[in-house]
>>> print(open('coords13.txt').read())   # compact mmCIF, C-alpha atoms and all ligand atoms
# COMPACT_ATOMS: atom_id res chain seq x y z
CA MET D 1 6.58 -15.08 -18.58
CA PHE D 2 5.82 -12.96 -21.66
CA SER D 3 8.45 -13.31 -24.35
CA ASN D 4 8.22 -9.71 -25.59
CA LEU D 5 8.92 -8.22 -22.14
CA LYS D 6 12.34 -7.58 -20.69
CA TYR D 7 12.71 -8.83 -17.13
CA CYS D 8 15.22 -8.06 -14.39
CA SER D 9 18.23 -10.37 -14.63
CA LYS D 10 17.84 -11.45 -11.02
CA CYS D 11 14.14 -11.35 -10.09
CA ILE D 12 11.00 -11.51 -12.24
CA MET D 13 9.97 -7.84 -12.34
CA PRO D 14 9.36 -6.64 -15.91
CA GLU D 15 10.25 -3.41 -17.68
CA THR D 16 6.61 -2.31 -17.41
CA VAL D 17 6.92 -1.45 -13.68
CA GLU D 18 6.39 2.27 -13.27
CA GLY D 19 9.73 4.10 -13.18
CA GLN D 20 11.62 0.89 -13.89
CA GLU D 21 15.30 1.34 -14.74
CA PHE D 22 17.66 -1.58 -15.23
CA ASP D 23 21.33 -0.98 -14.45
CA SER D 24 24.23 -2.15 -16.64
CA GLU D 25 23.87 -5.66 -15.22
CA GLY D 26 20.18 -5.74 -15.96
CA LEU D 27 19.14 -5.41 -12.32
CA CYS D 28 15.85 -3.67 -11.48
CA LYS D 29 15.70 -0.88 -8.91
CA ALA D 30 14.43 -3.18 -6.15
CA CYS D 31 17.33 -5.59 -6.72
CA GLN D 32 19.76 -2.67 -6.72
CA SER D 33 18.22 -1.56 -3.43
CA GLN D 34 18.61 -5.03 -1.99
CA ALA D 35 22.32 -4.97 -2.81
CA GLN D 36 22.69 -1.50 -1.26
CA LYS D 37 20.75 -2.64 1.80
CA GLN D 38 23.56 -4.98 2.78
CA ASN D 39 26.12 -2.17 2.69
CA ILE D 40 24.21 0.54 4.53
CA ASP D 41 25.62 1.67 7.88
CA TRP D 42 22.50 0.60 9.77
CA PRO D 43 23.81 1.44 13.27
CA ALA D 44 24.36 5.02 12.09
CA ARG D 45 20.87 5.18 10.64
CA ARG D 46 19.42 3.76 13.86
CA GLU D 47 21.21 6.48 15.76
CA ALA D 48 19.75 9.11 13.43
CA LEU D 49 16.28 7.69 14.08
CA GLY D 50 16.88 7.87 17.84
CA LYS D 51 17.72 11.55 17.46
CA ILE D 52 14.58 12.26 15.43
CA PHE D 53 12.45 10.60 18.13
CA ALA D 54 14.29 12.28 21.03
CA ASN D 55 13.78 15.62 19.32
CA ALA D 56 10.07 14.93 18.76
CA LYS D 57 9.59 13.99 22.41
CA GLU D 58 11.40 17.07 23.58
CA ASN D 59 9.18 19.35 21.51
CA ALA D 60 5.88 17.58 22.11
CA GLY D 61 5.01 19.09 25.49
CA ASN D 62 1.67 17.60 26.47
CA ASN D 63 0.90 16.69 22.87
CA TYR D 64 1.48 13.33 21.13
CA ASP D 65 5.09 12.68 20.08
CA CYS D 66 4.14 11.67 16.55
CA ILE D 67 1.40 10.31 14.30
CA VAL D 68 1.43 6.66 13.35
CA PRO D 69 -0.75 6.01 10.28
CA ILE D 70 -2.14 2.48 10.56
CA SER D 71 -4.32 0.31 8.36
CA GLY D 72 -4.40 -3.01 10.17
CA GLY D 73 -1.88 -4.34 7.67
CA LYS D 74 1.34 -6.16 8.45
CA ASP D 75 3.38 -3.01 8.98
CA SER D 76 0.94 -1.33 11.37
CA THR D 77 1.62 -3.63 14.31
CA TRP D 78 5.35 -3.49 13.63
CA GLN D 79 5.31 0.33 13.52
CA MET D 80 3.45 0.45 16.84
CA HIS D 81 5.87 -2.05 18.36
CA VAL D 82 8.93 -0.03 17.33
CA LEU D 83 7.46 3.27 18.47
CA VAL D 84 5.91 2.20 21.75
CA LYS D 85 8.03 -0.70 22.93
CA GLU D 86 11.45 0.13 21.51
CA TYR D 87 11.45 3.91 21.70
CA GLY D 88 8.84 4.70 24.38
CA MET D 89 7.02 7.11 22.09
CA LYS D 90 3.44 8.26 22.58
CA PRO D 91 1.92 8.22 19.09
CA LEU D 92 -1.57 9.18 17.97
CA ALA D 93 -2.81 6.37 15.73
CA VAL D 94 -4.58 7.63 12.59
CA THR D 95 -6.52 5.56 10.08
CA PHE D 96 -8.07 6.52 6.79
CA SER D 97 -10.53 3.70 6.23
CA HIS D 98 -10.95 2.70 2.59
CA ASN D 99 -14.26 1.23 3.80
CA TRP D 100 -13.26 -2.09 2.24
CA PHE D 101 -12.08 -3.73 5.46
CA SER D 102 -11.89 -7.50 5.54
CA LYS D 103 -12.84 -9.25 8.77
CA THR D 104 -9.20 -10.16 9.43
CA GLY D 105 -8.11 -6.57 8.73
CA TRP D 106 -10.69 -5.15 11.12
CA TYR D 107 -9.54 -7.58 13.81
CA ASN D 108 -5.87 -6.66 13.24
CA LEU D 109 -6.60 -2.95 13.49
CA MET D 110 -8.60 -3.26 16.71
CA ASN D 111 -6.19 -5.82 18.16
CA GLY D 112 -3.21 -3.51 17.62
CA LEU D 113 -4.93 -0.54 19.25
CA GLU D 114 -5.91 -2.66 22.26
CA ARG D 115 -2.51 -4.27 22.65
CA PHE D 116 -0.58 -1.01 22.52
CA GLY D 117 -3.26 1.04 24.28
CA LEU D 118 -3.24 3.84 21.71
CA ASP D 119 -5.62 6.75 21.15
CA HIS D 120 -7.01 6.55 17.65
CA VAL D 121 -8.72 8.74 15.04
CA MET D 122 -10.37 7.19 11.99
CA PHE D 123 -12.13 8.65 8.98
CA THR D 124 -14.53 6.55 6.89
CA PRO D 125 -15.87 7.86 3.57
CA SER D 126 -19.46 6.86 2.79
CA ARG D 127 -20.19 3.74 0.76
CA GLN D 128 -21.65 5.86 -2.07
CA LEU D 129 -18.57 8.07 -2.22
CA VAL D 130 -16.25 5.05 -2.23
CA ASN D 131 -18.20 3.39 -5.04
CA ARG D 132 -18.22 6.50 -7.21
CA CYS D 133 -14.53 7.14 -6.60
CA ALA D 134 -13.72 3.52 -7.45
CA ARG D 135 -15.43 3.86 -10.83
CA ARG D 136 -13.67 7.14 -11.58
CA SER D 137 -10.40 5.62 -10.37
CA VAL D 138 -10.48 2.91 -13.04
CA GLU D 139 -10.66 5.41 -15.90
CA THR D 140 -8.12 7.86 -14.47
CA ILE D 141 -5.32 5.89 -12.83
CA GLY D 142 -6.31 2.42 -13.98
CA ASP D 143 -6.67 0.91 -10.54
CA ALA D 144 -9.59 0.82 -8.17
CA CYS D 145 -7.96 2.57 -5.26
CA TRP D 146 -7.63 6.33 -5.82
CA HIS D 147 -9.75 7.06 -2.74
CA CYS D 148 -7.37 5.00 -0.62
CA HIS D 149 -4.15 6.43 -2.13
CA ALA D 150 -5.41 10.02 -1.88
CA GLY D 151 -7.28 9.58 1.40
CA VAL D 152 -4.38 8.03 3.29
CA GLY D 153 -2.17 10.97 2.33
CA ALA D 154 -4.70 13.74 2.86
CA PHE D 155 -6.27 12.55 6.11
CA VAL D 156 -2.98 11.93 7.88
CA LEU D 157 -1.81 15.42 6.91
CA LYS D 158 -5.13 16.94 7.99
CA MET D 159 -4.72 15.31 11.40
CA ALA D 160 -1.08 16.38 11.69
CA VAL D 161 -2.13 19.98 11.05
CA ALA D 162 -5.26 19.83 13.23
CA TYR D 163 -3.43 18.31 16.22
CA LYS D 164 -0.20 20.21 15.50
CA ILE D 165 1.88 17.02 15.45
CA PRO D 166 4.77 17.56 13.04
CA LEU D 167 6.19 14.03 12.82
CA ILE D 168 4.51 11.20 10.86
CA VAL D 169 6.04 7.72 11.04
CA TRP D 170 5.30 5.25 8.24
CA GLY D 171 6.63 1.70 7.96
CA GLU D 172 8.24 0.14 4.94
CA SER D 173 10.67 2.14 2.81
CA THR D 174 9.64 2.81 -0.79
CA ALA D 175 13.06 1.34 -1.69
CA GLU D 176 11.69 -2.15 -0.96
CA HIS D 177 9.62 -2.10 -4.14
CA GLY D 178 11.82 -0.02 -6.38
CA ARG D 179 10.22 3.41 -6.13
CA ALA D 180 13.40 4.73 -4.56
CA THR D 181 16.68 3.17 -3.46
CA TYR D 182 18.25 2.94 -0.01
CA ASP D 183 21.03 5.27 -1.15
CA LYS D 184 18.48 7.81 -2.30
CA PRO D 185 15.35 7.46 -0.16
CA ASP D 186 12.17 9.21 -1.29
CA LYS D 187 12.07 12.56 0.46
CA PHE D 188 8.74 13.20 2.13
CA ASP D 189 6.81 16.34 1.35
CA ARG D 190 3.20 17.45 1.22
CA ASP D 191 2.70 16.10 -2.32
CA TYR D 192 4.28 12.73 -1.63
CA PHE D 193 1.11 10.63 -1.99
CA LEU D 194 -0.08 12.58 -5.00
CA ARG D 195 3.24 11.83 -6.67
CA VAL D 196 3.62 8.17 -5.81
CA SER D 197 0.08 6.81 -5.86
CA ALA D 198 -2.94 9.13 -6.24
CA LYS D 199 -1.48 10.85 -9.36
CA PHE D 200 -4.65 12.94 -9.88
CA THR D 201 -5.44 16.00 -7.77
CA ASN D 202 -9.04 16.63 -6.65
CA GLU D 203 -9.42 19.13 -9.49
CA GLN D 204 -8.30 16.53 -12.04
CA PHE D 205 -10.35 13.77 -10.45
CA ALA D 206 -13.63 15.68 -10.23
CA CYS D 207 -16.18 14.77 -12.92
CA GLU D 208 -19.93 14.93 -13.56
CA TYR D 209 -20.67 12.50 -10.75
CA LEU D 210 -17.98 13.71 -8.28
CA SER D 211 -17.87 17.37 -7.27
CA LEU D 212 -15.03 19.10 -5.46
CA ARG D 213 -17.38 19.26 -2.48
CA ASP D 214 -17.72 15.45 -2.58
CA LEU D 215 -13.95 15.18 -2.74
CA PHE D 216 -13.25 17.31 0.32
CA PRO D 217 -11.94 14.32 2.37
CA PHE D 218 -9.11 14.06 -0.16
CA GLU D 219 -8.10 17.71 -0.01
CA VAL D 220 -4.55 18.09 1.25
CA PRO D 221 -3.85 20.97 3.70
CA GLY D 222 -2.13 24.01 2.18
CA VAL D 223 1.64 24.45 2.02
CA GLU D 224 1.55 27.21 4.65
CA GLU D 225 -0.38 25.06 7.10
CA CYS D 226 2.10 22.20 6.70
CA GLU D 227 5.09 24.51 6.99
CA ALA D 228 3.64 26.23 10.05
CA ILE D 229 3.94 23.00 12.05
CA GLY D 230 7.27 21.99 10.44
CA LEU D 231 5.73 18.83 9.00
CA ASN D 232 8.08 15.91 8.47
CA GLY D 233 7.40 12.29 7.52
CA ILE D 234 9.74 9.32 7.76
CA HIS D 235 9.70 5.63 6.89
CA LEU D 236 11.10 3.31 9.57
CA GLY D 237 12.50 1.15 6.79
CA ASP D 238 14.96 3.89 5.82
CA TYR D 239 16.47 3.71 9.33
CA LEU D 240 16.05 0.11 10.49
CA TYR D 241 16.99 -2.97 8.47
CA TRP D 242 13.70 -4.19 7.02
CA ASP D 243 12.99 -7.91 7.03
CA THR D 244 9.34 -8.47 6.13
CA GLU D 245 9.28 -12.22 6.74
CA LYS D 246 10.82 -11.91 10.19
CA GLN D 247 8.61 -8.99 11.16
CA VAL D 248 5.44 -10.80 10.11
CA GLU D 249 6.51 -13.84 12.12
CA PHE D 250 7.24 -11.60 15.09
CA VAL D 251 3.92 -9.69 15.11
CA LYS D 252 1.98 -12.93 14.66
CA LYS D 253 3.71 -14.60 17.58
CA GLU D 254 4.09 -11.62 19.87
CA TYR D 255 0.86 -9.69 19.27
CA GLY D 256 -1.59 -12.10 17.65
CA TRP D 257 -1.59 -10.37 14.25
CA LYS D 258 -3.39 -12.61 11.73
CA GLY D 259 -2.81 -13.35 8.08
CA THR D 260 -5.44 -14.60 5.65
CA GLN D 261 -5.73 -15.78 2.07
CA VAL D 262 -5.43 -12.88 -0.39
CA GLU D 263 -6.43 -13.00 -4.06
CA GLY D 264 -3.61 -13.13 -6.58
CA ALA D 265 -1.05 -13.68 -3.81
CA TYR D 266 0.63 -16.78 -2.46
CA LYS D 267 1.57 -15.29 0.89
CA ASP D 268 -0.91 -14.62 3.65
CA TYR D 269 0.18 -11.19 4.81
CA LYS D 270 0.03 -8.55 2.07
CA SER D 271 -3.04 -6.28 2.06
CA VAL D 272 -5.02 -8.66 4.27
CA GLU D 273 -6.92 -5.63 5.59
CA CYS D 274 -8.62 -5.02 2.26
CA SER D 275 -11.35 -7.17 0.73
CA MET D 276 -10.63 -5.61 -2.67
CA ALA D 277 -6.85 -6.15 -2.86
CA GLY D 278 -7.40 -8.70 -5.63
CA ILE D 279 -8.91 -6.02 -7.89
CA HIS D 280 -5.96 -3.70 -7.42
CA ASP D 281 -3.44 -6.38 -8.29
CA PHE D 282 -5.49 -7.86 -11.12
CA LEU D 283 -5.80 -4.46 -12.83
CA CYS D 284 -2.03 -4.04 -12.49
CA TYR D 285 -1.63 -7.43 -14.17
CA LEU D 286 -3.90 -6.36 -17.05
CA LYS D 287 -2.10 -3.04 -17.54
CA ARG D 288 1.49 -3.97 -16.84
CA GLY D 289 1.72 -7.75 -17.06
CA TYR D 290 2.54 -8.50 -13.44
CA GLY D 291 0.61 -8.75 -10.17
CA ARG D 292 1.10 -9.46 -6.51
CA ALA D 293 2.58 -12.92 -6.92
CA SER D 294 5.37 -11.49 -9.12
CA ILE D 295 6.21 -8.94 -6.43
CA GLN D 296 6.20 -11.58 -3.71
CA ALA D 297 8.19 -14.07 -5.76
CA SER D 298 10.74 -11.37 -6.62
CA GLY D 299 11.20 -10.69 -2.91
CA ASP D 300 11.69 -14.39 -2.25
CA ILE D 301 14.22 -14.65 -5.08
CA ARG D 302 16.19 -11.70 -3.68
CA ASP D 303 16.16 -13.36 -0.26
CA GLY D 304 17.45 -16.58 -1.81
CA LEU D 305 14.32 -18.52 -0.84
CA ILE D 306 13.22 -19.63 -4.33
CA SER D 307 14.68 -19.84 -7.84
CA ARG D 308 13.76 -17.45 -10.66
CA GLU D 309 12.05 -20.34 -12.51
CA LYS D 310 9.93 -21.10 -9.47
CA GLY D 311 9.06 -17.39 -9.30
CA PHE D 312 7.70 -17.36 -12.85
CA GLU D 313 5.78 -20.51 -12.08
CA LEU D 314 4.11 -18.95 -9.05
CA ALA D 315 3.28 -15.76 -10.95
CA GLU D 316 1.58 -17.73 -13.72
CA LYS D 317 -0.35 -19.82 -11.25
CA TYR D 318 -1.70 -16.97 -9.12
CA GLU D 319 -1.93 -13.90 -11.32
CA GLN D 320 -3.80 -15.06 -14.39
CA ILE D 321 -7.02 -15.44 -12.47
CA LYS D 322 -10.11 -13.27 -12.55
CA PRO D 323 -10.48 -12.32 -8.88
CA GLU D 324 -13.67 -13.20 -7.07
CA SER D 325 -13.88 -9.63 -5.76
CA LEU D 326 -14.56 -8.59 -9.35
CA ASN D 327 -18.23 -9.58 -8.88
CA TYR D 328 -18.71 -7.17 -6.00
CA PHE D 329 -16.60 -4.49 -7.65
CA LEU D 330 -18.59 -4.47 -10.91
CA LYS D 331 -21.86 -4.21 -9.00
CA ALA D 332 -20.59 -1.44 -6.73
CA THR D 333 -19.24 0.62 -9.64
CA ARG D 334 -22.11 -0.24 -12.01
CA LEU D 335 -19.65 -1.39 -14.64
CA SER D 336 -19.79 -4.42 -16.90
CA TRP D 337 -16.69 -6.54 -17.51
CA GLU D 338 -16.56 -5.22 -21.10
CA LYS D 339 -16.82 -1.61 -19.96
CA LEU D 340 -14.08 -2.18 -17.38
CA ILE D 341 -11.75 -3.53 -20.07
CA ASP D 342 -12.62 -0.57 -22.35
CA MET D 343 -11.63 1.81 -19.57
CA ILE D 344 -8.38 0.00 -18.77
CA TRP D 345 -7.25 -0.46 -22.38
CA PRO D 346 -5.94 3.10 -23.02
CA LEU D 347 -3.90 2.82 -19.82
CA CYS D 348 -2.26 -0.48 -20.75
CA GLN D 349 1.44 -0.44 -21.64
CA THR D 350 2.03 -0.75 -25.40
CA LYS D 351 3.84 -4.06 -25.05
CA ILE D 352 1.00 -5.45 -22.97
CA LYS D 353 -1.49 -4.44 -25.67
CA GLU D 354 0.60 -6.47 -28.13
CA ILE D 355 0.16 -9.53 -25.96
CA GLY D 356 -3.59 -8.95 -25.69
CA MET D 357 -3.59 -10.77 -22.39
CA MET D 358 -6.68 -12.06 -20.72
CA PRO D 359 -7.16 -14.07 -17.58
CA THR D 360 -7.38 -17.72 -18.37
CA GLN D 361 -8.32 -19.30 -15.10
CA GLU D 362 -11.33 -19.15 -12.83
CA TRP D 363 -11.04 -17.81 -9.31
CA ARG D 364 -10.25 -19.74 -6.20
CA ASP D 365 -12.70 -19.59 -3.33
CA ILE D 366 -11.37 -16.88 -1.03
CA PRO D 367 -13.83 -16.18 1.79
CA GLU D 368 -12.82 -12.59 2.59
CA ALA D 369 -12.66 -11.29 -0.99
CA GLY D 370 -15.35 -8.99 -2.34
CA LYS D 371 -18.09 -7.69 -0.08
CA PRO D 372 -16.53 -5.68 2.76
CA PHE D 373 -16.81 -6.92 6.35
CA VAL D 374 -19.03 -4.08 7.60
CA GLN D 375 -21.54 -4.73 4.82
CA ARG D 376 -21.55 -8.41 5.68
CA LEU D 377 -22.02 -7.42 9.32
CA VAL D 378 -25.05 -5.19 8.77
CA ASP D 379 -26.52 -7.74 6.36
CA GLY D 380 -26.28 -10.36 9.11
CA GLU D 381 -23.85 -12.54 7.18
CA VAL D 382 -21.15 -12.66 9.85
ZN ZN D 401 15.06 -7.39 -9.84
>>> encode(input="coords13.txt", output="structure tokens")
Amino acid sequence: MFSNLKYCSKCIMPETVEGQEFDSEGLCKACQSQAQKQNIDWPARREALGKIFANAKENAGNNYDCIVPISGGKDSTWQMHVLVKEYGMKPLAVTFSHNWFSKTGWYNLMNGLERFGLDHVMFTPSRQLVNRCARRSVETIGDACWHCHAGVGAFVLKMAVAYKIPLIVWGESTAEHGRATYDKPDKFDRDYFLRVSAKFTNEQFACEYLSLRDLFPFEVPGVEECEAIGLNGIHLGDYLYWDTEKQVEFVKKEYGWKGTQVEGAYKDYKSVECSMAGIHDFLCYLKRGYGRASIQASGDIRDGLISREKGFELAEKYEQIKPESLNYFLKATRLSWEKLIDMIWPLCQTKIKEIGMMPTQEWRDIPEAGKPFVQRLVDGEV
């Protein structure tokens, strides 16, 4: 897509992906993972998962068997299905709300809880806190979502410690997108989310308009507290063969999970729960030269569904668009477009700066992008 960038020899992921390493054949980490995925002894891994769950049940007493962190996204319903229907587990569902729920996302979350009959704890940071964090997030990590990255990690751990539930069960493996590989899965520990997504601790994130007291919801429990309960976290995708397309089809048909149009994407299932997903992916495009469509197209290429040329075509069509959610985001963070670009610029990859890329197309009309569902609700718009 950009002539000065090196791309994976199989898919369309560029060298600017964080932690990207091409092997001797020029394959990116995600493509290497895909090859490994076919050679993994999945029955043995499934057996290992069964043991982890049997052990959790045995030690739970009257408590919940595990925590299932859910967002209302595509994996949430699948996670609940595997835990409840396949393994007969009794999980406590835990949600850190980013407070940017779309209408479809809110429906999916509530629908899942009703269908599986789960007890649920949710934390919602105030609108003002979210807005201030989003502004600070742009200048620190270069995306809009620090409060979500940090909050998801911290709140789930807080609940694990508070309820003394040592096992947390996430969905997709980080190997699917090249953060780890199936041969070497990412080992979970207390700092996992800080490492992979939040990047900045509360102390580093605090600034003149965000005190440590404001940031308390993002404070991770201490090492001793986590060790005292023997905290462990696993991703189902490291134990069960992960097939996103099939799983999405299954949860739609079986449980009424709904997809919707998402900015910058050509599939209807990624990040449907968030009305601001377009901002996240657009900022990634500005900094690193790829967005959601590249990730989706790369997955389709690996699965043999589309050609590499078609992948580049889709990426160009969907990614080089200013998202509609930008309007809401700029208002909420009190930033101008120029100021936003100023903040992002130092975080752009050198090769991307050389390109000097700018969005060239206007946005499509995507009804759920921008203003979050609850704000629309209280304003009488839905
Ligand atoms: Zn690749």
>>> axis_aligned_box(input="coords13.txt", around="segment 27-44 of chain D", padding_each_side="6 Å", output="lines of an AutoDock Vina configuration file")
center_x = 20.3
center_y = -0.3
center_z = 0.5
size_x = 23.7
size_y = 22.6
size_z = 37.6
>>> closest_residue(input="coords13.txt", among="D:Leu326, D:Val68, D:Val378, D:Ala297", to="ligand ZN 401 (chain D)", atoms="all atoms listed in the file")
D:Ala297
>>> closest_residue(input="coords13.txt", among="D:Arg195, D:Lys339, D:Lys10, D:Lys353", to="ligand ZN 401 (chain D)", atoms="all atoms listed in the file")
D:Lys10
>>> closest_residue(input="coords13.txt", among="D:Val161, D:Met110, D:Ala265, D:Met89", to="Glu224 of chain D", atoms="all atoms listed in the file")
D:Val161
>>> residues_near_ligand(input="coords13.txt", ligand="ligand ZN 401 (chain D)", cutoff="12 Å", atoms="all atoms listed in the file", output="ChimeraX atom specification")
/D:6-15,17,20-23,25-35,176-178,294-303,308,311
>>> write_last_selection(input="coords13.txt", atoms="C-alpha atoms", output="PDB file, in the coordinates of the input")
ATOM      1  CA  LYS D   6      12.340  -7.580 -20.690  1.00  0.00           C
ATOM      2  CA  TYR D   7      12.710  -8.830 -17.130  1.00  0.00           C
ATOM      3  CA  CYS D   8      15.220  -8.060 -14.390  1.00  0.00           C
ATOM      4  CA  SER D   9      18.230 -10.370 -14.630  1.00  0.00           C
ATOM      5  CA  LYS D  10      17.840 -11.450 -11.020  1.00  0.00           C
ATOM      6  CA  CYS D  11      14.140 -11.350 -10.090  1.00  0.00           C
ATOM      7  CA  ILE D  12      11.000 -11.510 -12.240  1.00  0.00           C
ATOM      8  CA  MET D  13       9.970  -7.840 -12.340  1.00  0.00           C
ATOM      9  CA  PRO D  14       9.360  -6.640 -15.910  1.00  0.00           C
ATOM     10  CA  GLU D  15      10.250  -3.410 -17.680  1.00  0.00           C
ATOM     11  CA  VAL D  17       6.920  -1.450 -13.680  1.00  0.00           C
ATOM     12  CA  GLN D  20      11.620   0.890 -13.890  1.00  0.00           C
ATOM     13  CA  GLU D  21      15.300   1.340 -14.740  1.00  0.00           C
ATOM     14  CA  PHE D  22      17.660  -1.580 -15.230  1.00  0.00           C
ATOM     15  CA  ASP D  23      21.330  -0.980 -14.450  1.00  0.00           C
ATOM     16  CA  GLU D  25      23.870  -5.660 -15.220  1.00  0.00           C
ATOM     17  CA  GLY D  26      20.180  -5.740 -15.960  1.00  0.00           C
ATOM     18  CA  LEU D  27      19.140  -5.410 -12.320  1.00  0.00           C
ATOM     19  CA  CYS D  28      15.850  -3.670 -11.480  1.00  0.00           C
ATOM     20  CA  LYS D  29      15.700  -0.880  -8.910  1.00  0.00           C
ATOM     21  CA  ALA D  30      14.430  -3.180  -6.150  1.00  0.00           C
ATOM     22  CA  CYS D  31      17.330  -5.590  -6.720  1.00  0.00           C
ATOM     23  CA  GLN D  32      19.760  -2.670  -6.720  1.00  0.00           C
ATOM     24  CA  SER D  33      18.220  -1.560  -3.430  1.00  0.00           C
ATOM     25  CA  GLN D  34      18.610  -5.030  -1.990  1.00  0.00           C
ATOM     26  CA  ALA D  35      22.320  -4.970  -2.810  1.00  0.00           C
ATOM     27  CA  GLU D 176      11.690  -2.150  -0.960  1.00  0.00           C
ATOM     28  CA  HIS D 177       9.620  -2.100  -4.140  1.00  0.00           C
ATOM     29  CA  GLY D 178      11.820  -0.020  -6.380  1.00  0.00           C
ATOM     30  CA  SER D 294       5.370 -11.490  -9.120  1.00  0.00           C
ATOM     31  CA  ILE D 295       6.210  -8.940  -6.430  1.00  0.00           C
ATOM     32  CA  GLN D 296       6.200 -11.580  -3.710  1.00  0.00           C
ATOM     33  CA  ALA D 297       8.190 -14.070  -5.760  1.00  0.00           C
ATOM     34  CA  SER D 298      10.740 -11.370  -6.620  1.00  0.00           C
ATOM     35  CA  GLY D 299      11.200 -10.690  -2.910  1.00  0.00           C
ATOM     36  CA  ASP D 300      11.690 -14.390  -2.250  1.00  0.00           C
ATOM     37  CA  ILE D 301      14.220 -14.650  -5.080  1.00  0.00           C
ATOM     38  CA  ARG D 302      16.190 -11.700  -3.680  1.00  0.00           C
ATOM     39  CA  ASP D 303      16.160 -13.360  -0.260  1.00  0.00           C
ATOM     40  CA  ARG D 308      13.760 -17.450 -10.660  1.00  0.00           C
ATOM     41  CA  GLY D 311       9.060 -17.390  -9.300  1.00  0.00           C
TER      42      GLY D 311
END
>>> closest_residue(input="coords13.txt", among="D:Glu172, D:Glu354, D:Asp65, D:Asp119", to="Gln247 of chain D", atoms="all atoms listed in the file")
D:Glu172
>>> atom_distance(input="coords13.txt", atom1="atom CA of Ile279 of chain D", atom2="atom CA of Gln79 of chain D")
26.5 Å
>>> atom_distance(input="coords13.txt", atom1="atom CA of Gln204 of chain D", atom2="atom CA of Thr16 of chain D")
24.6 Å
>>> atom_distance(input="coords13.txt", atom1="atom CA of Val121 of chain D", atom2="atom CA of Thr95 of chain D")
6.3 Å
>>> closest_residue(input="coords13.txt", among="D:Pro323, D:Ala332, D:Tyr182, D:Gly356", to="Asn39 of chain D", atoms="all atoms listed in the file")
D:Tyr182
